[in-house]
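Participant: This is the content of coords-v3.pdb (PDB, C-alpha atoms):
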ATOM      1  CA  MET A  12     -41.686 -23.501 -32.267  1.00  0.00           C
ATOM      2  CA  LYS A  13     -38.139 -24.691 -32.850  1.00  0.00           C
ATOM      3  CA  VAL A  14     -37.274 -21.410 -34.589  1.00  0.00           C
ATOM      4  CA  LEU A  15     -38.594 -19.363 -31.657  1.00  0.00           C
ATOM      5  CA  SER A  16     -36.702 -21.534 -29.187  1.00  0.00           C
ATOM      6  CA  LEU A  17     -33.492 -21.182 -31.216  1.00  0.00           C
ATOM      7  CA  MET A  18     -33.944 -17.391 -31.449  1.00  0.00           C
ATOM      8  CA  ALA A  19     -34.573 -17.163 -27.704  1.00  0.00           C
ATOM      9  CA  SER A  20     -31.377 -19.076 -26.960  1.00  0.00           C
ATOM     10  CA  LEU A  21     -29.367 -16.824 -29.293  1.00  0.00           C
ATOM     11  CA  PHE A  22     -30.518 -13.661 -27.531  1.00  0.00           C
ATOM     12  CA  SER A  23     -30.598 -14.828 -23.936  1.00  0.00           C
ATOM     13  CA  VAL A  24     -28.084 -13.331 -21.581  1.00  0.00           C
ATOM     14  CA  GLU A  25     -26.173 -15.739 -19.382  1.00  0.00           C
ATOM     15  CA  PRO A  26     -24.502 -14.515 -16.221  1.00  0.00           C
ATOM     16  CA  SER A  27     -20.774 -14.066 -16.634  1.00  0.00           C
ATOM     17  CA  SER A  28     -18.835 -17.105 -15.521  1.00  0.00           C
ATOM     18  CA  THR A  29     -15.555 -15.211 -15.608  1.00  0.00           C
ATOM     19  CA  PRO A  30     -13.983 -15.592 -12.187  1.00  0.00           C
ATOM     20  CA  LEU A  31     -12.905 -12.492 -10.340  1.00  0.00           C
ATOM     21  CA  THR A  32      -9.239 -11.690 -10.015  1.00  0.00           C
ATOM     22  CA  CYS A  33      -8.317 -10.823  -6.447  1.00  0.00           C
ATOM     23  CA  GLU A  34      -5.191  -9.130  -5.157  1.00  0.00           C
ATOM     24  CA  THR A  35      -4.098  -8.917  -1.550  1.00  0.00           C
ATOM     25  CA  LEU A  36      -4.247  -5.425  -0.107  1.00  0.00           C
ATOM     26  CA  THR A  37      -2.740  -6.606   3.179  1.00  0.00           C
ATOM     27  CA  ASP A  38      -2.121  -9.882   4.935  1.00  0.00           C
ATOM     28  CA  PHE A  39      -0.741  -8.156   8.043  1.00  0.00           C
ATOM     29  CA  THR A  40       2.827  -9.329   7.519  1.00  0.00           C
ATOM     30  CA  ASP A  41       4.298  -5.935   6.524  1.00  0.00           C
ATOM     31  CA  ALA A  42       5.021  -4.196   9.819  1.00  0.00           C
ATOM     32  CA  THR A  43       5.747  -0.834   8.170  1.00  0.00           C
ATOM     33  CA  SER A  44       2.443  -0.395   6.316  1.00  0.00           C
ATOM     34  CA  ASN A  45       0.402  -1.936   9.098  1.00  0.00           C
ATOM     35  CA  ALA A  46       1.816   0.532  11.639  1.00  0.00           C
ATOM     36  CA  ALA A  47      -0.400   3.193  10.031  1.00  0.00           C
ATOM     37  CA  TRP A  48      -3.692   1.812  11.426  1.00  0.00           C
ATOM     38  CA  VAL A  49      -5.530   4.420  13.515  1.00  0.00           C
ATOM     39  CA  THR A  50      -8.167   3.889  16.220  1.00  0.00           C
ATOM     40  CA  VAL A  51     -11.132   6.235  16.757  1.00  0.00           C
ATOM     41  CA  ASN A  52     -13.598   5.476  19.540  1.00  0.00           C
ATOM     42  CA  ASP A  53     -16.713   7.344  20.658  1.00  0.00           C
ATOM     43  CA  ASN A  54     -14.685   9.153  23.321  1.00  0.00           C
ATOM     44  CA  VAL A  55     -14.042  11.802  20.647  1.00  0.00           C
ATOM     45  CA  MET A  56     -17.641  12.854  21.371  1.00  0.00           C
ATOM     46  CA  GLY A  57     -17.821  12.038  25.073  1.00  0.00           C
ATOM     47  CA  GLY A  58     -18.546   8.322  24.793  1.00  0.00           C
ATOM     48  CA  ARG A  59     -17.184   5.535  26.951  1.00  0.00           C
ATOM     49  CA  SER A  60     -16.433   2.724  24.524  1.00  0.00           C
ATOM     50  CA  GLU A  61     -12.957   1.265  24.421  1.00  0.00           C
ATOM     51  CA  GLY A  62     -11.410  -0.474  21.479  1.00  0.00           C
ATOM     52  CA  GLY A  63      -8.376  -0.808  19.325  1.00  0.00           C
ATOM     53  CA  MET A  64      -6.321  -3.165  17.282  1.00  0.00           C
ATOM     54  CA  GLN A  65      -3.095  -5.048  17.363  1.00  0.00           C
ATOM     55  CA  ILE A  66      -1.381  -7.322  14.916  1.00  0.00           C
ATOM     56  CA  THR A  67      -0.517 -10.694  16.372  1.00  0.00           C
ATOM     57  CA  ASN A  68       0.953 -13.628  14.440  1.00  0.00           C
ATOM     58  CA  GLY A  69       0.040 -12.048  11.093  1.00  0.00           C
ATOM     59  CA  LYS A  70      -3.579 -11.376  12.095  1.00  0.00           C
ATOM     60  CA  LEU A  71      -5.286  -8.071  12.848  1.00  0.00           C
ATOM     61  CA  VAL A  72      -7.247  -8.313  16.093  1.00  0.00           C
ATOM     62  CA  PHE A  73      -9.890  -5.593  16.595  1.00  0.00           C
ATOM     63  CA  ALA A  74     -11.235  -5.809  20.155  1.00  0.00           C
ATOM     64  CA  GLY A  75     -12.714  -3.789  22.980  1.00  0.00           C
ATOM     65  CA  THR A  76     -15.960  -3.005  24.767  1.00  0.00           C
ATOM     66  CA  ILE A  77     -18.894  -1.003  23.447  1.00  0.00           C
ATOM     67  CA  ASN A  78     -20.749   1.271  25.864  1.00  0.00           C
ATOM     68  CA  THR A  79     -23.887   2.839  24.381  1.00  0.00           C
ATOM     69  CA  ASN A  80     -24.199   5.338  27.240  1.00  0.00           C
ATOM     70  CA  GLY A  81     -22.983   8.461  25.455  1.00  0.00           C
ATOM     71  CA  GLY A  82     -21.796   6.884  22.224  1.00  0.00           C
ATOM     72  CA  GLY A  83     -21.519   3.305  21.150  1.00  0.00           C
ATOM     73  CA  PHE A  84     -18.812   2.800  18.540  1.00  0.00           C
ATOM     74  CA  SER A  85     -15.226   1.781  17.984  1.00  0.00           C
ATOM     75  CA  SER A  86     -13.421   2.005  14.669  1.00  0.00           C
ATOM     76  CA  ILE A  87     -10.048   1.480  13.075  1.00  0.00           C
ATOM     77  CA  SER A  88      -8.843   2.786   9.724  1.00  0.00           C
ATOM     78  CA  TRP A  89      -5.864   2.348   7.446  1.00  0.00           C
ATOM     79  CA  PRO A  90      -4.618   4.770   4.777  1.00  0.00           C
ATOM     80  CA  ILE A  91      -4.089   3.370   1.289  1.00  0.00           C
ATOM     81  CA  PRO A  92      -2.686   5.106  -1.784  1.00  0.00           C
ATOM     82  CA  THR A  93      -5.444   6.823  -3.752  1.00  0.00           C
ATOM     83  CA  GLY A  94      -6.105   4.807  -6.905  1.00  0.00           C
ATOM     84  CA  THR A  95      -5.389   1.414  -5.316  1.00  0.00           C
ATOM     85  CA  LEU A  96      -9.035   0.307  -5.663  1.00  0.00           C
ATOM     86  CA  LYS A  97      -9.472   1.877  -9.131  1.00  0.00           C
ATOM     87  CA  ASN A  98     -11.005  -1.190 -10.823  1.00  0.00           C
ATOM     88  CA  ALA A  99     -12.262  -2.996  -7.729  1.00  0.00           C
ATOM     89  CA  ALA A 100     -15.767  -4.451  -7.703  1.00  0.00           C
ATOM     90  CA  LEU A 101     -15.618  -5.902  -4.218  1.00  0.00           C
ATOM     91  CA  ILE A 102     -13.529  -6.223  -1.099  1.00  0.00           C
ATOM     92  CA  ARG A 103     -12.973  -9.723   0.295  1.00  0.00           C
ATOM     93  CA  VAL A 104     -12.153  -9.953   4.001  1.00  0.00           C
ATOM     94  CA  THR A 105     -10.941 -13.236   5.468  1.00  0.00           C
ATOM     95  CA  MET A 106     -12.147 -12.846   9.022  1.00  0.00           C
ATOM     96  CA  LYS A 107     -13.235 -14.556  12.205  1.00  0.00           C
ATOM     97  CA  PRO A 108     -16.204 -12.632  13.661  1.00  0.00           C
ATOM     98  CA  ASP A 109     -17.744 -12.968  17.098  1.00  0.00           C
ATOM     99  CA  GLY A 110     -21.435 -12.838  16.143  1.00  0.00           C
ATOM    100  CA  ARG A 111     -21.690  -9.028  16.312  1.00  0.00           C
ATOM    101  CA  GLN A 112     -22.335  -6.728  13.342  1.00  0.00           C
ATOM    102  CA  TYR A 113     -19.314  -5.082  11.740  1.00  0.00           C
ATOM    103  CA  LYS A 114     -19.142  -2.647   8.866  1.00  0.00           C
ATOM    104  CA  MET A 115     -16.391  -1.395   6.618  1.00  0.00           C
ATOM    105  CA  ASN A 116     -15.752   2.297   6.106  1.00  0.00           C
ATOM    106  CA  PHE A 117     -14.255   3.850   2.968  1.00  0.00           C
ATOM    107  CA  ARG A 118     -13.112   7.461   2.882  1.00  0.00           C
ATOM    108  CA  THR A 119     -12.520   9.608  -0.167  1.00  0.00           C
ATOM    109  CA  SER A 120     -12.198  13.372  -0.392  1.00  0.00           C
ATOM    110  CA  ALA A 121     -15.982  13.668  -0.957  1.00  0.00           C
ATOM    111  CA  ARG A 122     -17.682  16.102   1.417  1.00  0.00           C
ATOM    112  CA  VAL A 123     -21.098  17.611   2.035  1.00  0.00           C
ATOM    113  CA  ARG A 124     -20.456  21.167   3.107  1.00  0.00           C
ATOM    114  CA  ALA A 125     -17.577  20.615   5.556  1.00  0.00           C
ATOM    115  CA  PRO A 126     -17.995  17.046   6.944  1.00  0.00           C
ATOM    116  CA  GLN A 127     -16.324  14.197   5.107  1.00  0.00           C
ATOM    117  CA  ILE A 128     -18.549  11.472   3.693  1.00  0.00           C
ATOM    118  CA  VAL A 129     -17.839   7.924   4.829  1.00  0.00           C
ATOM    119  CA  TYR A 130     -19.136   5.183   2.551  1.00  0.00           C
ATOM    120  CA  GLN A 131     -20.196   2.176   4.662  1.00  0.00           C
ATOM    121  CA  GLY A 132     -21.042  -1.422   3.951  1.00  0.00           C
ATOM    122  CA  GLN A 133     -22.257  -4.222   6.228  1.00  0.00           C
ATOM    123  CA  LEU A 134     -19.994  -7.280   6.492  1.00  0.00           C
ATOM    124  CA  ALA A 135     -22.494 -10.124   6.160  1.00  0.00           C
ATOM    125  CA  THR A 136     -20.926 -12.903   8.202  1.00  0.00           C
ATOM    126  CA  SER A 137     -22.273 -16.343   8.931  1.00  0.00           C
ATOM    127  CA  SER A 138     -22.979 -17.173  12.548  1.00  0.00           C
ATOM    128  CA  GLY A 139     -20.330 -18.616  14.773  1.00  0.00           C
ATOM    129  CA  PRO A 140     -16.699 -17.780  15.338  1.00  0.00           C
ATOM    130  CA  ALA A 141     -15.200 -19.530  12.282  1.00  0.00           C
ATOM    131  CA  TRP A 142     -12.805 -18.193   9.674  1.00  0.00           C
ATOM    132  CA  GLN A 143     -14.721 -17.091   6.576  1.00  0.00           C
ATOM    133  CA  ASP A 144     -14.345 -15.068   3.403  1.00  0.00           C
ATOM    134  CA  VAL A 145     -16.798 -12.177   3.422  1.00  0.00           C
ATOM    135  CA  ASP A 146     -17.413 -10.278   0.181  1.00  0.00           C
ATOM    136  CA  LEU A 147     -18.487  -6.644   0.274  1.00  0.00           C
ATOM    137  CA  HIS A 148     -19.674  -5.380  -3.107  1.00  0.00           C
ATOM    138  CA  LEU A 149     -18.584  -1.778  -3.520  1.00  0.00           C
ATOM    139  CA  ASP A 150     -21.782  -0.873  -5.386  1.00  0.00           C
ATOM    140  CA  SER A 151     -23.719  -1.596  -2.167  1.00  0.00           C
ATOM    141  CA  LEU A 152     -21.985   1.071  -0.059  1.00  0.00           C
ATOM    142  CA  VAL A 153     -24.111   3.711   1.666  1.00  0.00           C
ATOM    143  CA  PRO A 154     -22.936   7.334   2.075  1.00  0.00           C
ATOM    144  CA  THR A 155     -22.934   8.495   5.710  1.00  0.00           C
ATOM    145  CA  ILE A 156     -21.835  11.412   7.852  1.00  0.00           C
ATOM    146  CA  PHE A 157     -21.228  10.688  11.542  1.00  0.00           C
ATOM    147  CA  GLY A 158     -22.908   7.289  11.050  1.00  0.00           C
ATOM    148  CA  ARG A 159     -26.135   8.739   9.637  1.00  0.00           C
ATOM    149  CA  ARG A 160     -27.209   7.828   6.124  1.00  0.00           C
ATOM    150  CA  LEU A 161     -27.262  10.665   3.571  1.00  0.00           C
ATOM    151  CA  ASP A 162     -30.191  10.997   1.200  1.00  0.00           C
ATOM    152  CA  SER A 163     -28.073  12.546  -1.500  1.00  0.00           C
ATOM    153  CA  ALA A 164     -24.322  12.408  -1.918  1.00  0.00           C
ATOM    154  CA  PRO A 165     -21.756  12.044  -4.646  1.00  0.00           C
ATOM    155  CA  ASP A 166     -21.560   8.537  -6.071  1.00  0.00           C
ATOM    156  CA  PHE A 167     -18.924   6.307  -4.551  1.00  0.00           C
ATOM    157  CA  ASN A 168     -15.683   6.418  -6.531  1.00  0.00           C
ATOM    158  CA  ALA A 169     -13.452   3.430  -5.740  1.00  0.00           C
ATOM    159  CA  SER A 170     -10.419   5.036  -7.380  1.00  0.00           C
ATOM    160  CA  ALA A 171     -10.674   7.954  -4.899  1.00  0.00           C
ATOM    161  CA  VAL A 172     -10.536   5.808  -1.729  1.00  0.00           C
ATOM    162  CA  ALA A 173      -7.765   7.067   0.548  1.00  0.00           C
ATOM    163  CA  SER A 174      -8.499   4.910   3.604  1.00  0.00           C
ATOM    164  CA  LEU A 175     -10.563   1.930   4.637  1.00  0.00           C
ATOM    165  CA  GLY A 176     -11.402   0.428   7.967  1.00  0.00           C
ATOM    166  CA  PHE A 177     -13.754  -1.422  10.267  1.00  0.00           C
ATOM    167  CA  ILE A 178     -16.378  -0.125  12.661  1.00  0.00           C
ATOM    168  CA  ILE A 179     -18.655  -1.686  15.230  1.00  0.00           C
ATOM    169  CA  ALA A 180     -21.713   0.393  16.147  1.00  0.00           C
ATOM    170  CA  ASP A 181     -24.419  -2.234  16.587  1.00  0.00           C
ATOM    171  CA  GLU A 182     -26.182  -0.539  19.534  1.00  0.00           C
ATOM    172  CA  LYS A 183     -25.250  -3.366  21.924  1.00  0.00           C
ATOM    173  CA  ASP A 184     -23.201  -2.993  25.091  1.00  0.00           C
ATOM    174  CA  GLY A 185     -20.407  -5.434  25.793  1.00  0.00           C
ATOM    175  CA  PRO A 186     -17.160  -6.883  24.544  1.00  0.00           C
ATOM    176  CA  PHE A 187     -16.284  -7.456  20.902  1.00  0.00           C
ATOM    177  CA  LEU A 188     -13.467  -9.270  19.152  1.00  0.00           C
ATOM    178  CA  MET A 189     -12.913  -9.711  15.441  1.00  0.00           C
ATOM    179  CA  SER A 190      -9.813 -11.159  13.783  1.00  0.00           C
ATOM    180  CA  VAL A 191      -8.783 -10.514  10.171  1.00  0.00           C
ATOM    181  CA  ASP A 192      -6.347 -12.681   8.232  1.00  0.00           C
ATOM    182  CA  ARG A 193      -6.259 -10.658   5.004  1.00  0.00           C
ATOM    183  CA  ILE A 194      -8.032  -7.999   2.964  1.00  0.00           C
ATOM    184  CA  GLN A 195      -8.253  -8.385  -0.805  1.00  0.00           C
ATOM    185  CA  TYR A 196      -9.761  -6.326  -3.595  1.00  0.00           C
ATOM    186  CA  CYS A 197     -11.317  -8.114  -6.532  1.00  0.00           C
ATOM    187  CA  TYR A 198     -12.118  -6.980 -10.054  1.00  0.00           C
TER     188      TYR A 198
END
Turn the structure described in the file into structure tokens.
Facilitator:
Amino acid sequence: MKVLSLMASLFSVEPSSTPLTCETLTDFTDATSNAAWVTVNDNVMGGRSEGGMQITNGKLVFAGTINTNGGGFSSISWPIPTGTLKNAALIRVTMKPDGRQYKMNFRTSARVRAPQIVYQGQLATSSGPAWQDVDLHLDSLVPTIFGRRLDSAPDFNASAVASLGFIIADEKDGPFLMSVDRIQYCY
């Protein structure tokens, strides 16, 4: 019995206890790079939602009102140099949510026919408007086109990401407000 127990302990696999290394992608203090954020609301397709972002006191504030009559989304995106996320396993967002459901979008050059694929991941926040670190594992991203999940698409390639952003499209009318202190990538 002792021999079997010893053999089992020699061949068992323990989870890695190596901590992740995280680097800051932005902390919203560099006015030049943060000026490149772009807003896209559902009015591009006839919707009535309003939203946008501003940087105040070193925090990104993404706010507006969702109107599901004719649309129902607001998004912001930020270009990053291709290759920035080359070895990233997850994105860590230090944020203060408002209880609504937010997702992150990642764009590469991947396309299906003509439309560009957007890889999306849900930001799983705890309830209540408190500052929190939210980890989004890049291997959990879902390929989408115009918000609809694709059954087959090229695998997500973190090194090919050219922009990332936030979207709210939770099918609920009303105001939203999310603040972000920093975005990190971890490997």
Participant: Could you tell me, as an MDAnalysis selection string, exactly which residues end up selected when the PyMOL selection byres ((chain A and resi 120) around 8) is applied to this structure?
Facilitator: chainID A and resid 118:119 121:122 127:128 171:173
Participant: Give as a list of chain:residue names the residues that the PyMOL selection byres ((chain A and resi 94) around 10) matches when applied to the coordinates above.
Facilitator: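 So the PyMOL selection byres ((chain A and resi 94) around 10) ends up selecting A:Ile91, A:Pro92, A:Thr93, A:Thr95, A:Leu96, A:Lys97, A:Asn98, A:Ala99, A:Asn168, A:Ala169, A:Ser170, A:Ala171, A:Val172, A:Ala173.
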Participant: Suppose you want the space between atom CA of Gly176 of chain A and atom CA of Trp48 of chain A; what is it in Å?
Facilitator: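 Atom CA of Trp48 of chain A lies at a distance of 8.6 Å from atom CA of Gly176 of chain A.
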Participant: Name the residues that the PyMOL selection byres ((chain A and resi 136) around 8) pulls out of this structure, and write them as an MDAnalysis selection string.
Facilitator: chainID A and resid 108 110 134:135 137:138 143 145
Participant: Could you produce a table of the residues of segment 111-145 of chain A lying within 12 Å of segment 55-76 of chain A, with the nearest pair of atoms per residue and their separation in Å rounded to one decimal, using only C-alpha atoms, ordered by chain and increasing residue number, as JSON lines?
Facilitator:
{"residue": "A:Arg111", "atom": "CA", "partner": "A:Ala74", "partner_atom": "CA", "distance": 11.6}
{"residue": "A:Tyr113", "atom": "CA", "partner": "A:Phe73", "partner_atom": "CA", "distance": 10.6}
{"residue": "A:Trp142", "atom": "CA", "partner": "A:Lys70", "partner_atom": "CA", "distance": 11.7}
Participant: Keeping C-alpha atoms for every residue in the selection just given, could you write it to a file as a PDB file, in the coordinates of the input?
Facilitator:
ATOM      1  CA  ARG A 111     -21.690  -9.028  16.312  1.00  0.00           C
ATOM      2  CA  TYR A 113     -19.314  -5.082  11.740  1.00  0.00           C
ATOM      3  CA  TRP A 142     -12.805 -18.193   9.674  1.00  0.00           C
TER       4      TRP A 142
END
Participant: Rounded to one decimal place, report the atom CA of Asp192 of chain A-atom CA of Asp150 of chain A distance in Å.
Facilitator: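 A separation of 23.7 Å between them.
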Participant: Have a look at atom CA of Ile194 of chain A and atom CA of Ser151 of chain A and let me know their distance in Å, one decimal.
Facilitator: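 Taking atom CA of Ile194 of chain A as the start and atom CA of Ser151 of chain A as the end point, the length is 17.7 Å.
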Participant: Which residue out of A:Cys197, A:Ile156, A:Met106, A:Ile77 has the minimum interatomic distance to Gly185 of chain A when all atoms listed in the file are used?
Facilitator: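 Ranked by minimum distance to Gly185 of chain A, first place goes to A:Ile77.
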Participant: Go through A:Gln112, A:Thr105, A:Thr35, A:Ser174 one by one, measure the shortest atom-to-atom distance of each to Val49 of chain A using all atoms listed in the file, and give the residue with the smallest value.
Facilitator: A:Ser174
Participant: Set the distance at 6 Å and use only C-alpha atoms: which residues neighbour Phe117 of chain A once local chain neighbours fewer than 6 positions away are removed? I'd like the list as a list in words.
Facilitator: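 Here the qualifying residues turn out to be Val129, Tyr130, Ser174 and Leu175 of chain A.
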Participant: Write the selection just made, keeping C-alpha atoms, as an mmCIF file, in the frame of the given file?
Facilitator:
data_model
loop_
_atom_site.group_PDB
_atom_site.id
_atom_site.type_symbol
_atom_site.label_atom_id
_atom_site.label_comp_id
_atom_site.auth_asym_id
_atom_site.auth_seq_id
_atom_site.Cartn_x
_atom_site.Cartn_y
_atom_site.Cartn_z
ATOM 1 C CA VAL A 129 -17.839 7.924 4.829
ATOM 2 C CA TYR A 130 -19.136 5.183 2.551
ATOM 3 C CA SER A 174 -8.499 4.910 3.604
ATOM 4 C CA LEU A 175 -10.563 1.930 4.637
#
Participant: Start from the incomplete input, build N, CA and C atoms for segment 166-182 of chain A, and deliver everything as a PDB file, in the coordinates of the input.
Facilitator:
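Contents of part17.pdb, freshly written:
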ATOM      1  N   ASP A 166     -21.702   9.978  -5.911  1.00  0.00           N
ATOM      2  CA  ASP A 166     -21.560   8.537  -6.071  1.00  0.00           C
ATOM      3  C   ASP A 166     -20.209   8.082  -5.540  1.00  0.00           C
ATOM      4  N   PHE A 167     -20.168   6.877  -5.040  1.00  0.00           N
ATOM      5  CA  PHE A 167     -18.924   6.307  -4.551  1.00  0.00           C
ATOM      6  C   PHE A 167     -17.960   6.125  -5.716  1.00  0.00           C
ATOM      7  N   ASN A 168     -16.725   6.530  -5.521  1.00  0.00           N
ATOM      8  CA  ASN A 168     -15.683   6.418  -6.531  1.00  0.00           C
ATOM      9  C   ASN A 168     -14.540   5.600  -5.942  1.00  0.00           C
ATOM     10  N   ALA A 169     -14.456   4.327  -6.320  1.00  0.00           N
ATOM     11  CA  ALA A 169     -13.452   3.430  -5.740  1.00  0.00           C
ATOM     12  C   ALA A 169     -12.030   3.926  -5.978  1.00  0.00           C
ATOM     13  N   SER A 170     -11.780   4.566  -7.095  1.00  0.00           N
ATOM     14  CA  SER A 170     -10.419   5.036  -7.380  1.00  0.00           C
ATOM     15  C   SER A 170     -10.014   6.190  -6.472  1.00  0.00           C
ATOM     16  N   ALA A 171     -10.971   6.825  -5.782  1.00  0.00           N
ATOM     17  CA  ALA A 171     -10.674   7.954  -4.899  1.00  0.00           C
ATOM     18  C   ALA A 171     -10.516   7.549  -3.432  1.00  0.00           C
ATOM     19  N   VAL A 172     -10.644   6.248  -3.120  1.00  0.00           N
ATOM     20  CA  VAL A 172     -10.536   5.808  -1.729  1.00  0.00           C
ATOM     21  C   VAL A 172      -9.120   6.067  -1.220  1.00  0.00           C
ATOM     22  N   ALA A 173      -9.050   6.750  -0.072  1.00  0.00           N
ATOM     23  CA  ALA A 173      -7.765   7.067   0.548  1.00  0.00           C
ATOM     24  C   ALA A 173      -7.561   6.318   1.861  1.00  0.00           C
ATOM     25  N   SER A 174      -8.633   5.753   2.409  1.00  0.00           N
ATOM     26  CA  SER A 174      -8.499   4.910   3.604  1.00  0.00           C
ATOM     27  C   SER A 174      -9.700   3.978   3.693  1.00  0.00           C
ATOM     28  N   LEU A 175      -9.479   2.873   4.376  1.00  0.00           N
ATOM     29  CA  LEU A 175     -10.563   1.930   4.637  1.00  0.00           C
ATOM     30  C   LEU A 175     -10.413   1.450   6.066  1.00  0.00           C
ATOM     31  N   GLY A 176     -11.479   0.888   6.592  1.00  0.00           N
ATOM     32  CA  GLY A 176     -11.402   0.428   7.967  1.00  0.00           C
ATOM     33  C   GLY A 176     -12.632  -0.346   8.394  1.00  0.00           C
ATOM     34  N   PHE A 177     -12.661  -0.657   9.671  1.00  0.00           N
ATOM     35  CA  PHE A 177     -13.754  -1.422  10.267  1.00  0.00           C
ATOM     36  C   PHE A 177     -14.370  -0.603  11.392  1.00  0.00           C
ATOM     37  N   ILE A 178     -15.672  -0.791  11.573  1.00  0.00           N
ATOM     38  CA  ILE A 178     -16.378  -0.125  12.661  1.00  0.00           C
ATOM     39  C   ILE A 178     -17.399  -1.088  13.248  1.00  0.00           C
ATOM     40  N   ILE A 179     -17.564  -0.994  14.556  1.00  0.00           N
ATOM     41  CA  ILE A 179     -18.655  -1.686  15.230  1.00  0.00           C
ATOM     42  C   ILE A 179     -19.481  -0.599  15.909  1.00  0.00           C
ATOM     43  N   ALA A 180     -20.764  -0.578  15.582  1.00  0.00           N
ATOM     44  CA  ALA A 180     -21.713   0.393  16.147  1.00  0.00           C
ATOM     45  C   ALA A 180     -23.089  -0.250  16.102  1.00  0.00           C
ATOM     46  N   ASP A 181     -23.201  -1.430  16.708  1.00  0.00           N
ATOM     47  CA  ASP A 181     -24.419  -2.234  16.587  1.00  0.00           C
ATOM     48  C   ASP A 181     -25.433  -2.010  17.703  1.00  0.00           C
ATOM     49  N   GLU A 182     -25.244  -0.929  18.474  1.00  0.00           N
ATOM     50  CA  GLU A 182     -26.182  -0.539  19.534  1.00  0.00           C
ATOM     51  C   GLU A 182     -26.320  -1.580  20.640  1.00  0.00           C
TER      52      GLU A 182
END
